[in-house]
$ cat input.txt   # compact mmCIF, N, CA, C and O atoms and all ligand atoms
# COMPACT_ATOMS: atom_id res chain seq x y z
N MET A 1 82.75 69.49 81.99
CA MET A 1 83.35 70.79 82.28
C MET A 1 82.59 71.47 83.42
O MET A 1 81.37 71.53 83.41
N LYS A 2 83.28 71.96 84.41
CA LYS A 2 82.64 72.62 85.55
C LYS A 2 82.82 74.13 85.40
O LYS A 2 83.92 74.62 85.19
N TRP A 3 81.72 74.86 85.48
CA TRP A 3 81.77 76.31 85.35
C TRP A 3 81.70 76.95 86.72
O TRP A 3 80.95 76.52 87.59
N GLU A 4 82.45 78.01 86.89
CA GLU A 4 82.42 78.78 88.13
C GLU A 4 81.59 80.03 87.87
O GLU A 4 81.93 80.86 87.03
N CYS A 5 80.46 80.18 88.56
CA CYS A 5 79.53 81.28 88.26
C CYS A 5 79.47 82.34 89.35
O CYS A 5 78.80 83.34 89.19
N LYS A 6 80.16 82.14 90.47
CA LYS A 6 79.97 83.08 91.58
C LYS A 6 80.42 84.50 91.26
O LYS A 6 79.97 85.45 91.88
N ASP A 7 81.30 84.66 90.25
CA ASP A 7 81.74 85.99 89.87
C ASP A 7 81.02 86.48 88.60
O ASP A 7 81.49 87.40 87.92
N ALA A 8 79.85 85.90 88.30
CA ALA A 8 79.16 86.18 87.04
C ALA A 8 78.84 87.67 86.87
O ALA A 8 78.85 88.17 85.75
N LEU A 9 78.57 88.38 87.97
CA LEU A 9 78.22 89.80 87.85
C LEU A 9 79.39 90.64 87.34
O LEU A 9 79.19 91.72 86.80
N GLU A 10 80.60 90.15 87.53
CA GLU A 10 81.78 90.90 87.07
C GLU A 10 82.25 90.44 85.69
O GLU A 10 83.23 90.94 85.17
N TRP A 11 81.56 89.50 85.10
CA TRP A 11 82.01 88.97 83.81
C TRP A 11 82.01 90.06 82.75
O TRP A 11 81.09 90.87 82.65
N GLY A 12 83.03 90.09 81.97
CA GLY A 12 83.09 90.96 80.79
C GLY A 12 83.01 90.11 79.55
O GLY A 12 82.85 88.89 79.64
N TRP A 13 83.19 90.72 78.42
CA TRP A 13 83.05 89.99 77.17
C TRP A 13 84.09 88.89 77.01
O TRP A 13 83.85 87.87 76.38
N LYS A 14 85.28 89.09 77.63
CA LYS A 14 86.35 88.10 77.47
C LYS A 14 86.01 86.77 78.17
O LYS A 14 86.55 85.73 77.84
N LYS A 15 85.14 86.85 79.17
CA LYS A 15 84.81 85.63 79.92
C LYS A 15 83.78 84.78 79.19
O LYS A 15 83.59 83.62 79.50
N HIS A 16 83.07 85.41 78.24
CA HIS A 16 82.00 84.67 77.55
C HIS A 16 82.55 83.82 76.42
O HIS A 16 83.26 84.33 75.55
N PRO A 17 82.23 82.54 76.41
CA PRO A 17 82.66 81.69 75.31
C PRO A 17 81.84 81.99 74.06
O PRO A 17 80.73 82.52 74.15
N LEU A 18 82.37 81.67 72.91
CA LEU A 18 81.62 81.83 71.67
C LEU A 18 80.37 80.96 71.72
O LEU A 18 80.39 79.86 72.26
N GLY A 19 79.28 81.46 71.20
CA GLY A 19 78.06 80.65 71.15
C GLY A 19 77.15 80.88 72.34
O GLY A 19 76.11 80.26 72.45
N ALA A 20 77.52 81.78 73.24
CA ALA A 20 76.67 82.12 74.39
C ALA A 20 76.15 80.89 75.12
O ALA A 20 74.97 80.68 75.28
N ILE A 21 77.06 80.09 75.56
CA ILE A 21 76.70 78.87 76.28
C ILE A 21 76.13 79.22 77.66
O ILE A 21 76.65 80.11 78.34
N ILE A 22 75.06 78.56 78.05
CA ILE A 22 74.53 78.73 79.41
C ILE A 22 75.33 77.79 80.30
O ILE A 22 75.31 76.57 80.12
N PRO A 23 76.10 78.35 81.23
CA PRO A 23 77.07 77.52 81.95
C PRO A 23 76.49 76.47 82.89
O PRO A 23 77.10 75.45 83.14
N GLU A 24 75.31 76.73 83.44
CA GLU A 24 74.71 75.72 84.31
C GLU A 24 73.21 75.96 84.37
O GLU A 24 72.74 77.09 84.20
N GLY A 25 72.47 74.90 84.62
CA GLY A 25 71.03 75.01 84.73
C GLY A 25 70.63 75.78 85.98
O GLY A 25 71.34 75.73 86.99
N GLY A 26 69.55 76.52 85.90
CA GLY A 26 69.02 77.21 87.08
C GLY A 26 69.79 78.45 87.47
O GLY A 26 69.59 78.98 88.56
N ASN A 27 70.68 78.96 86.60
CA ASN A 27 71.47 80.12 87.01
C ASN A 27 70.69 81.43 87.00
O ASN A 27 71.17 82.45 87.47
N ALA A 28 69.45 81.42 86.45
CA ALA A 28 68.64 82.65 86.43
C ALA A 28 68.32 83.13 87.84
O ALA A 28 68.01 84.29 88.04
N ARG A 29 68.43 82.24 88.83
CA ARG A 29 68.13 82.67 90.20
C ARG A 29 69.11 83.73 90.70
O ARG A 29 68.85 84.45 91.64
N HIS A 30 70.26 83.83 90.03
CA HIS A 30 71.26 84.81 90.44
C HIS A 30 70.97 86.20 89.86
O HIS A 30 71.67 87.15 90.18
N PHE A 31 69.98 86.30 88.96
CA PHE A 31 69.75 87.56 88.24
C PHE A 31 68.30 88.02 88.37
O PHE A 31 67.40 87.20 88.52
N ASN A 32 68.12 89.34 88.25
CA ASN A 32 66.78 89.91 88.26
C ASN A 32 66.22 89.83 86.83
O ASN A 32 66.18 90.82 86.11
N THR A 33 65.80 88.64 86.45
CA THR A 33 65.36 88.43 85.06
C THR A 33 63.96 88.99 84.82
O THR A 33 63.48 88.98 83.69
N GLY A 34 63.31 89.48 85.86
CA GLY A 34 62.00 90.11 85.68
C GLY A 34 62.11 91.61 85.43
O GLY A 34 61.10 92.30 85.32
N SER A 35 63.33 92.12 85.30
CA SER A 35 63.52 93.57 85.22
C SER A 35 62.98 94.17 83.91
O SER A 35 62.74 95.36 83.84
N TRP A 36 62.81 93.36 82.88
CA TRP A 36 62.33 93.89 81.61
C TRP A 36 60.84 93.64 81.40
O TRP A 36 60.31 93.86 80.32
N ARG A 37 60.15 93.20 82.47
CA ARG A 37 58.71 92.94 82.37
C ARG A 37 57.94 94.24 82.08
O ARG A 37 58.24 95.29 82.66
N SER A 38 56.95 94.18 81.19
CA SER A 38 56.12 95.36 80.92
C SER A 38 54.74 95.23 81.57
O SER A 38 54.07 96.23 81.79
N LEU A 39 54.33 94.01 81.87
CA LEU A 39 53.07 93.79 82.57
C LEU A 39 53.35 93.04 83.87
O LEU A 39 54.22 92.16 83.91
N ARG A 40 52.60 93.36 84.90
CA ARG A 40 52.82 92.75 86.22
C ARG A 40 51.56 92.04 86.69
O ARG A 40 50.48 92.65 86.73
N PRO A 41 51.65 90.79 87.09
CA PRO A 41 50.48 90.12 87.65
C PRO A 41 50.27 90.54 89.11
O PRO A 41 51.23 90.61 89.87
N VAL A 42 49.04 90.86 89.44
CA VAL A 42 48.73 91.25 90.82
C VAL A 42 47.71 90.24 91.35
O VAL A 42 46.65 90.03 90.76
N LEU A 43 48.05 89.62 92.45
CA LEU A 43 47.23 88.56 93.04
C LEU A 43 46.22 89.13 94.03
O LEU A 43 46.58 89.91 94.91
N ASP A 44 44.96 88.76 93.86
CA ASP A 44 43.92 89.12 94.83
C ASP A 44 43.67 87.89 95.70
O ASP A 44 43.00 86.94 95.28
N LYS A 45 44.24 87.90 96.89
CA LYS A 45 44.17 86.72 97.76
C LYS A 45 42.73 86.40 98.18
O LYS A 45 42.42 85.26 98.50
N GLU A 46 41.87 87.42 98.20
CA GLU A 46 40.47 87.19 98.58
C GLU A 46 39.75 86.32 97.56
O GLU A 46 38.91 85.50 97.91
N LYS A 47 40.08 86.52 96.27
CA LYS A 47 39.42 85.75 95.21
C LYS A 47 40.04 84.36 95.01
O LYS A 47 39.41 83.46 94.47
N CYS A 48 41.27 84.19 95.42
CA CYS A 48 42.02 82.95 95.15
C CYS A 48 41.43 81.76 95.90
O CYS A 48 41.15 81.83 97.10
N SER A 49 41.22 80.65 95.16
CA SER A 49 40.68 79.42 95.77
C SER A 49 41.77 78.40 96.06
O SER A 49 41.48 77.28 96.46
N GLN A 50 43.02 78.78 95.79
CA GLN A 50 44.18 77.90 96.02
C GLN A 50 44.13 76.62 95.17
O GLN A 50 44.51 75.55 95.62
N CYS A 51 43.66 76.76 93.95
CA CYS A 51 43.63 75.59 93.06
C CYS A 51 45.03 75.25 92.53
O CYS A 51 45.27 74.16 92.03
N LEU A 52 45.96 76.21 92.60
CA LEU A 52 47.36 76.04 92.21
C LEU A 52 47.60 75.91 90.70
O LEU A 52 48.69 75.55 90.27
N LEU A 53 46.58 76.21 89.89
CA LEU A 53 46.78 76.14 88.43
C LEU A 53 47.85 77.13 87.98
O LEU A 53 48.68 76.82 87.12
N CYS A 54 47.85 78.32 88.56
CA CYS A 54 48.86 79.32 88.18
C CYS A 54 50.26 78.80 88.50
O CYS A 54 51.19 79.00 87.73
N PHE A 55 50.41 78.15 89.61
CA PHE A 55 51.70 77.59 90.02
C PHE A 55 52.16 76.53 89.01
O PHE A 55 53.33 76.48 88.62
N ILE A 56 51.22 75.71 88.57
CA ILE A 56 51.56 74.63 87.63
C ILE A 56 51.96 75.21 86.27
O ILE A 56 52.92 74.76 85.66
N TYR A 57 51.23 76.23 85.80
CA TYR A 57 51.45 76.73 84.44
C TYR A 57 52.53 77.80 84.32
O TYR A 57 53.01 78.05 83.22
N CYS A 58 52.89 78.46 85.39
CA CYS A 58 53.89 79.54 85.29
C CYS A 58 55.20 78.98 84.72
O CYS A 58 55.82 78.10 85.32
N PRO A 59 55.65 79.51 83.58
CA PRO A 59 56.88 78.98 82.97
C PRO A 59 58.16 79.43 83.67
O PRO A 59 59.24 78.93 83.37
N ASP A 60 58.03 80.36 84.61
CA ASP A 60 59.23 80.88 85.27
C ASP A 60 59.27 80.55 86.76
O ASP A 60 60.06 81.15 87.49
N SER A 61 58.44 79.63 87.19
CA SER A 61 58.41 79.24 88.61
C SER A 61 58.33 80.47 89.51
O SER A 61 59.04 80.57 90.51
N SER A 62 57.49 81.41 89.12
CA SER A 62 57.42 82.67 89.85
C SER A 62 56.21 82.79 90.76
O SER A 62 55.98 83.85 91.35
N ILE A 63 55.41 81.74 90.85
CA ILE A 63 54.32 81.74 91.82
C ILE A 63 54.88 81.13 93.10
O ILE A 63 55.29 79.97 93.12
N ILE A 64 54.89 81.92 94.14
CA ILE A 64 55.49 81.48 95.40
C ILE A 64 54.44 80.78 96.25
O ILE A 64 53.34 81.32 96.45
N THR A 65 54.75 79.60 96.71
CA THR A 65 53.82 78.84 97.56
C THR A 65 54.46 78.56 98.91
O THR A 65 55.69 78.50 99.03
N ARG A 66 53.60 78.37 99.88
CA ARG A 66 54.03 77.93 101.20
C ARG A 66 52.94 77.03 101.74
O ARG A 66 51.75 77.37 101.65
N ASP A 67 53.32 75.88 102.24
CA ASP A 67 52.35 74.89 102.75
C ASP A 67 51.26 74.62 101.71
O ASP A 67 50.07 74.59 102.05
N GLU A 68 51.68 74.48 100.44
CA GLU A 68 50.78 74.15 99.32
C GLU A 68 49.73 75.23 99.07
O GLU A 68 48.64 74.95 98.58
N LYS A 69 50.04 76.46 99.42
CA LYS A 69 49.15 77.59 99.14
C LYS A 69 49.93 78.70 98.44
O LYS A 69 51.09 78.94 98.76
N VAL A 70 49.26 79.37 97.49
CA VAL A 70 49.88 80.51 96.81
C VAL A 70 49.94 81.67 97.80
O VAL A 70 48.92 82.06 98.37
N VAL A 71 51.15 82.20 98.00
CA VAL A 71 51.29 83.30 98.96
C VAL A 71 51.76 84.59 98.31
O VAL A 71 51.55 85.68 98.83
N ASP A 72 52.43 84.49 97.15
CA ASP A 72 52.98 85.71 96.55
C ASP A 72 53.46 85.42 95.13
O ASP A 72 53.39 84.28 94.65
N ILE A 73 53.99 86.46 94.49
CA ILE A 73 54.57 86.33 93.15
C ILE A 73 56.00 86.83 93.22
O ILE A 73 56.29 87.86 93.85
N ASP A 74 56.90 86.09 92.62
CA ASP A 74 58.31 86.45 92.62
C ASP A 74 58.57 87.44 91.49
O ASP A 74 58.80 87.06 90.35
N TYR A 75 58.54 88.73 91.81
CA TYR A 75 58.71 89.77 90.79
C TYR A 75 60.16 89.89 90.32
O TYR A 75 60.43 90.57 89.34
N GLU A 76 61.09 89.26 91.01
CA GLU A 76 62.48 89.26 90.54
C GLU A 76 62.61 88.42 89.27
O GLU A 76 63.52 88.62 88.48
N HIS A 77 61.71 87.44 89.11
CA HIS A 77 61.85 86.51 87.99
C HIS A 77 60.63 86.41 87.08
O HIS A 77 60.73 85.87 85.99
N CYS A 78 59.48 86.92 87.53
CA CYS A 78 58.28 86.91 86.69
C CYS A 78 58.52 87.75 85.45
O CYS A 78 58.97 88.89 85.55
N LYS A 79 58.19 87.21 84.27
CA LYS A 79 58.42 87.93 83.01
C LYS A 79 57.16 88.66 82.53
O LYS A 79 57.18 89.29 81.48
N GLY A 80 56.05 88.50 83.25
CA GLY A 80 54.83 89.20 82.86
C GLY A 80 54.12 88.61 81.67
O GLY A 80 53.41 89.32 80.95
N CYS A 81 54.27 87.31 81.47
CA CYS A 81 53.67 86.67 80.28
C CYS A 81 52.14 86.61 80.37
O CYS A 81 51.46 86.54 79.35
N GLY A 82 51.60 86.61 81.58
CA GLY A 82 50.15 86.61 81.75
C GLY A 82 49.49 85.25 81.73
O GLY A 82 48.26 85.14 81.81
N ILE A 83 50.29 84.19 81.64
CA ILE A 83 49.72 82.83 81.62
C ILE A 83 48.95 82.56 82.92
O ILE A 83 47.87 81.97 82.90
N CYS A 84 49.48 83.02 84.03
CA CYS A 84 48.81 82.78 85.32
C CYS A 84 47.42 83.42 85.32
O CYS A 84 46.44 82.80 85.77
N ALA A 85 47.34 84.65 84.81
CA ALA A 85 46.05 85.35 84.78
C ALA A 85 45.07 84.66 83.84
O ALA A 85 43.88 84.54 84.14
N GLU A 86 45.58 84.19 82.70
CA GLU A 86 44.72 83.48 81.74
C GLU A 86 44.23 82.16 82.31
O GLU A 86 43.12 81.72 82.05
N THR A 87 45.07 81.52 83.09
CA THR A 87 44.77 80.19 83.63
C THR A 87 43.83 80.25 84.82
O THR A 87 43.06 79.31 85.05
N CYS A 88 43.89 81.32 85.57
CA CYS A 88 43.15 81.40 86.83
C CYS A 88 41.62 81.33 86.61
O CYS A 88 41.05 82.19 85.94
N PRO A 89 40.96 80.34 87.19
CA PRO A 89 39.51 80.20 87.01
C PRO A 89 38.71 81.20 87.84
O PRO A 89 37.50 81.35 87.65
N ARG A 90 39.36 81.89 88.77
CA ARG A 90 38.66 82.83 89.65
C ARG A 90 38.97 84.29 89.31
O ARG A 90 38.59 85.18 90.08
N ASN A 91 39.68 84.53 88.23
CA ASN A 91 40.11 85.90 87.90
C ASN A 91 40.78 86.58 89.09
O ASN A 91 40.53 87.76 89.37
N ALA A 92 41.58 85.80 89.78
CA ALA A 92 42.24 86.33 90.98
C ALA A 92 43.56 87.01 90.67
O ALA A 92 44.20 87.56 91.56
N ILE A 93 43.97 86.95 89.39
CA ILE A 93 45.22 87.61 89.00
C ILE A 93 44.91 88.61 87.90
O ILE A 93 44.36 88.27 86.87
N GLU A 94 45.28 89.87 88.18
CA GLU A 94 45.08 90.93 87.19
C GLU A 94 46.44 91.36 86.66
O GLU A 94 47.39 91.53 87.43
N MET A 95 46.53 91.54 85.33
CA MET A 95 47.77 92.04 84.74
C MET A 95 47.65 93.56 84.63
O MET A 95 46.70 94.07 84.03
N ILE A 96 48.59 94.25 85.23
CA ILE A 96 48.59 95.72 85.13
C ILE A 96 49.91 96.17 84.50
O ILE A 96 50.88 95.41 84.47
N LEU A 97 49.92 97.38 83.99
CA LEU A 97 51.15 97.91 83.40
C LEU A 97 52.22 98.03 84.48
O LEU A 97 51.95 98.52 85.59
N GLU A 98 53.41 97.61 84.18
CA GLU A 98 54.52 97.71 85.13
C GLU A 98 54.77 99.18 85.49
O GLU A 98 55.02 99.52 86.64
N SER A 99 54.65 100.06 84.49
CA SER A 99 54.87 101.48 84.75
C SER A 99 53.85 102.01 85.76
O SER A 99 54.16 102.85 86.60
N GLN A 100 52.63 101.49 85.69
CA GLN A 100 51.57 101.87 86.63
C GLN A 100 51.95 101.40 88.05
O GLN A 100 51.79 102.14 89.02
N ALA A 101 52.47 100.18 88.14
CA ALA A 101 52.87 99.63 89.44
C ALA A 101 54.02 100.43 90.03
O ALA A 101 54.07 100.68 91.24
N GLN A 102 54.96 100.85 89.17
CA GLN A 102 56.12 101.62 89.66
C GLN A 102 55.68 102.98 90.18
O GLN A 102 56.17 103.45 91.20
N LYS A 103 54.68 103.60 89.50
CA LYS A 103 54.17 104.92 89.93
C LYS A 103 53.50 104.81 91.29
O LYS A 103 53.58 105.71 92.11
N ALA A 104 52.81 103.68 91.54
CA ALA A 104 52.06 103.50 92.78
C ALA A 104 52.97 103.29 93.99
O ALA A 104 52.53 103.36 95.13
N LYS A 105 54.26 103.00 93.75
CA LYS A 105 55.19 102.72 94.86
C LYS A 105 55.51 103.97 95.67
O LYS A 105 55.59 105.04 95.17
S1 LIG A 201 53.02 86.53 84.50
FE1 LIG A 201 53.96 84.66 83.64
S2 LIG A 201 55.96 84.56 84.62
FE2 LIG A 201 54.74 85.99 85.82
S3 LIG A 201 53.86 84.77 87.48
FE3 LIG A 201 52.37 84.83 85.78
S4 LIG A 201 52.78 83.00 84.56
FE4 LIG A 201 54.57 83.36 85.88
S1 LIG A 202 44.99 79.96 89.55
FE1 LIG A 202 43.91 81.63 90.58
S2 LIG A 202 42.58 80.64 92.10
FE2 LIG A 202 44.10 79.13 91.44
S3 LIG A 202 45.78 79.35 92.95
FE3 LIG A 202 46.29 80.67 91.23
S4 LIG A 202 45.47 82.69 91.81
FE4 LIG A 202 44.51 81.18 93.12
$ encode --input "input.txt" --output "structure tokens"
Amino acid sequence: MKWECKDALEWGWKKHPLGAIIPEGGNARHFNTGSWRSLRPVLDKEKCSQCLLCFIYCPDSSIITRDEKVVDIDYEHCKGCGICAETCPRNAIEMILESQAQKAK
């Protein structure tokens, strides 16, 4: 069965099949699934040794790399689980309250 997802933002309840089937793999990229995060990881690039452990362990593929180096965090999809901060051997990632980050903007 092929699902058409390009109109997903307009979906109402009638479009949803019983059982809440996920229509295709990787569809979270279309949504801001990090919007309900309560904690935000903040990367200190000065402390980072580029070991890439955070990239390996992040369950949401939210550590952004370029040329095999960590360059940023994808806040559209990061859920704030804190695994990256726990994993980091250099304490280069600090978890702060999302509300604190929003106030600082
Ligand atoms: S807090 Fe969790 S989801 Fe967000 S970047 Fe770190 S490991 Fe990934
Ligand atoms: S785990 Fe820490 S030191 Fe390693 S790449 Fe990630 S932020 Fe940098």
$ closest_residue --input "input.txt" --among "A:Glu94, A:Thr33, A:Cys88, A:His77" --to "ligand LIG 202 (chain A)" --atoms "all atoms listed in the file"
A:Cys88
$ closest_residue --input "input.txt" --among "A:Phe55, A:Trp13, A:Phe31, A:Trp36" --to "ligand LIG 202 (chain A)" --atoms "only C-alpha atoms and all ligand atoms"
A:Phe55
$ axis_aligned_box --input "input.txt" --around "ligand LIG 201 (chain A)" --padding-each-side "8 Å" --output "AutoDock Vina command-line options"
--center_x 54.2 --center_y 84.8 --center_z 85.6 --size_x 19.6 --size_y 19.5 --size_z 19.8
$ select_by_dssp --input "input.txt" --residues "chain A" --states "alpha helix (DSSP H)" --output "list of chain:residue names"
A:Leu53, A:Cys54, A:Phe55, A:Ile56, A:Tyr57, A:Ile83, A:Cys84, A:Ala85, A:Glu86, A:Thr87, A:Glu98, A:Ser99, A:Gln100, A:Ala101, A:Gln102, A:Lys103, A:Ala104
$ select_by_dssp --input "input.txt" --residues "range 7-103 of chain A" --states "strand (DSSP E)" --output "list of chain:residue names"
A:Leu39, A:Arg40, A:Pro41, A:Val42, A:Leu43, A:Ile63, A:Ile64, A:Thr65, A:Arg66, A:Lys69, A:Val70, A:Val71, A:Asp72, A:Ile73, A:Ile93, A:Glu94, A:Met95, A:Ile96, A:Leu97
$ residues_around --input "input.txt" --residues "Ile63 in chain A" --least-positions-apart "3" --cutoff "8 Å" --atoms "only C-alpha atoms" --output "ChimeraX atom specification"
/A:54-55,58,70-74
$ atom_distance --input "input.txt" --atom1 "atom N of Gly25 in chain A" --atom2 "atom N of Glu4 in chain A"
10.7 Å
$ closest_residue --input "input.txt" --among "A:Val42, A:Ala8, A:Ile64, A:Ala92" --to "ligand LIG 202 (chain A)" --atoms "only C-alpha atoms and all ligand atoms"
A:Ala92
$ atom_distance --input "input.txt" --atom1 "atom N of Cys51 in chain A" --atom2 "atom S2 of ligand LIG 202 (chain A)"
4.4 Å
$ closest_atom_pairs --input "input.txt" --of "chain A" --to "ligand LIG 201 (chain A)" --cutoff "6 Å" --atoms "only N, CA, C and O atoms and all ligand atoms" --output "CSV"
residue,atom,partner,partner_atom,distance
A:Leu39,O,A:LIG201,S1,5.8
A:Pro41,N,A:LIG201,S1,5.2
A:Cys54,O,A:LIG201,S4,5.3
A:Tyr57,O,A:LIG201,S4,5.1
A:Cys58,CA,A:LIG201,S4,3.7
A:Pro59,N,A:LIG201,FE4,4.6
A:Asp60,N,A:LIG201,S2,4.7
A:Ser61,N,A:LIG201,FE4,5.5
A:Ser62,C,A:LIG201,S3,4.5
A:Ile63,N,A:LIG201,S3,4.8
A:Ile73,CA,A:LIG201,S3,5.9
A:His77,O,A:LIG201,S2,5.1
A:Cys78,CA,A:LIG201,FE2,3.8
A:Lys79,N,A:LIG201,S2,3.5
A:Gly80,CA,A:LIG201,S1,3.6
A:Cys81,N,A:LIG201,S1,3.4
A:Gly82,N,A:LIG201,S1,3.2
A:Ile83,N,A:LIG201,S4,4.0
A:Cys84,N,A:LIG201,S4,3.3
A:Ala85,N,A:LIG201,FE3,5.1
$ atom_distance --input "input.txt" --atom1 "atom O of Arg90 in chain A" --atom2 "atom N of Ser38 in chain A"
22.3 Å
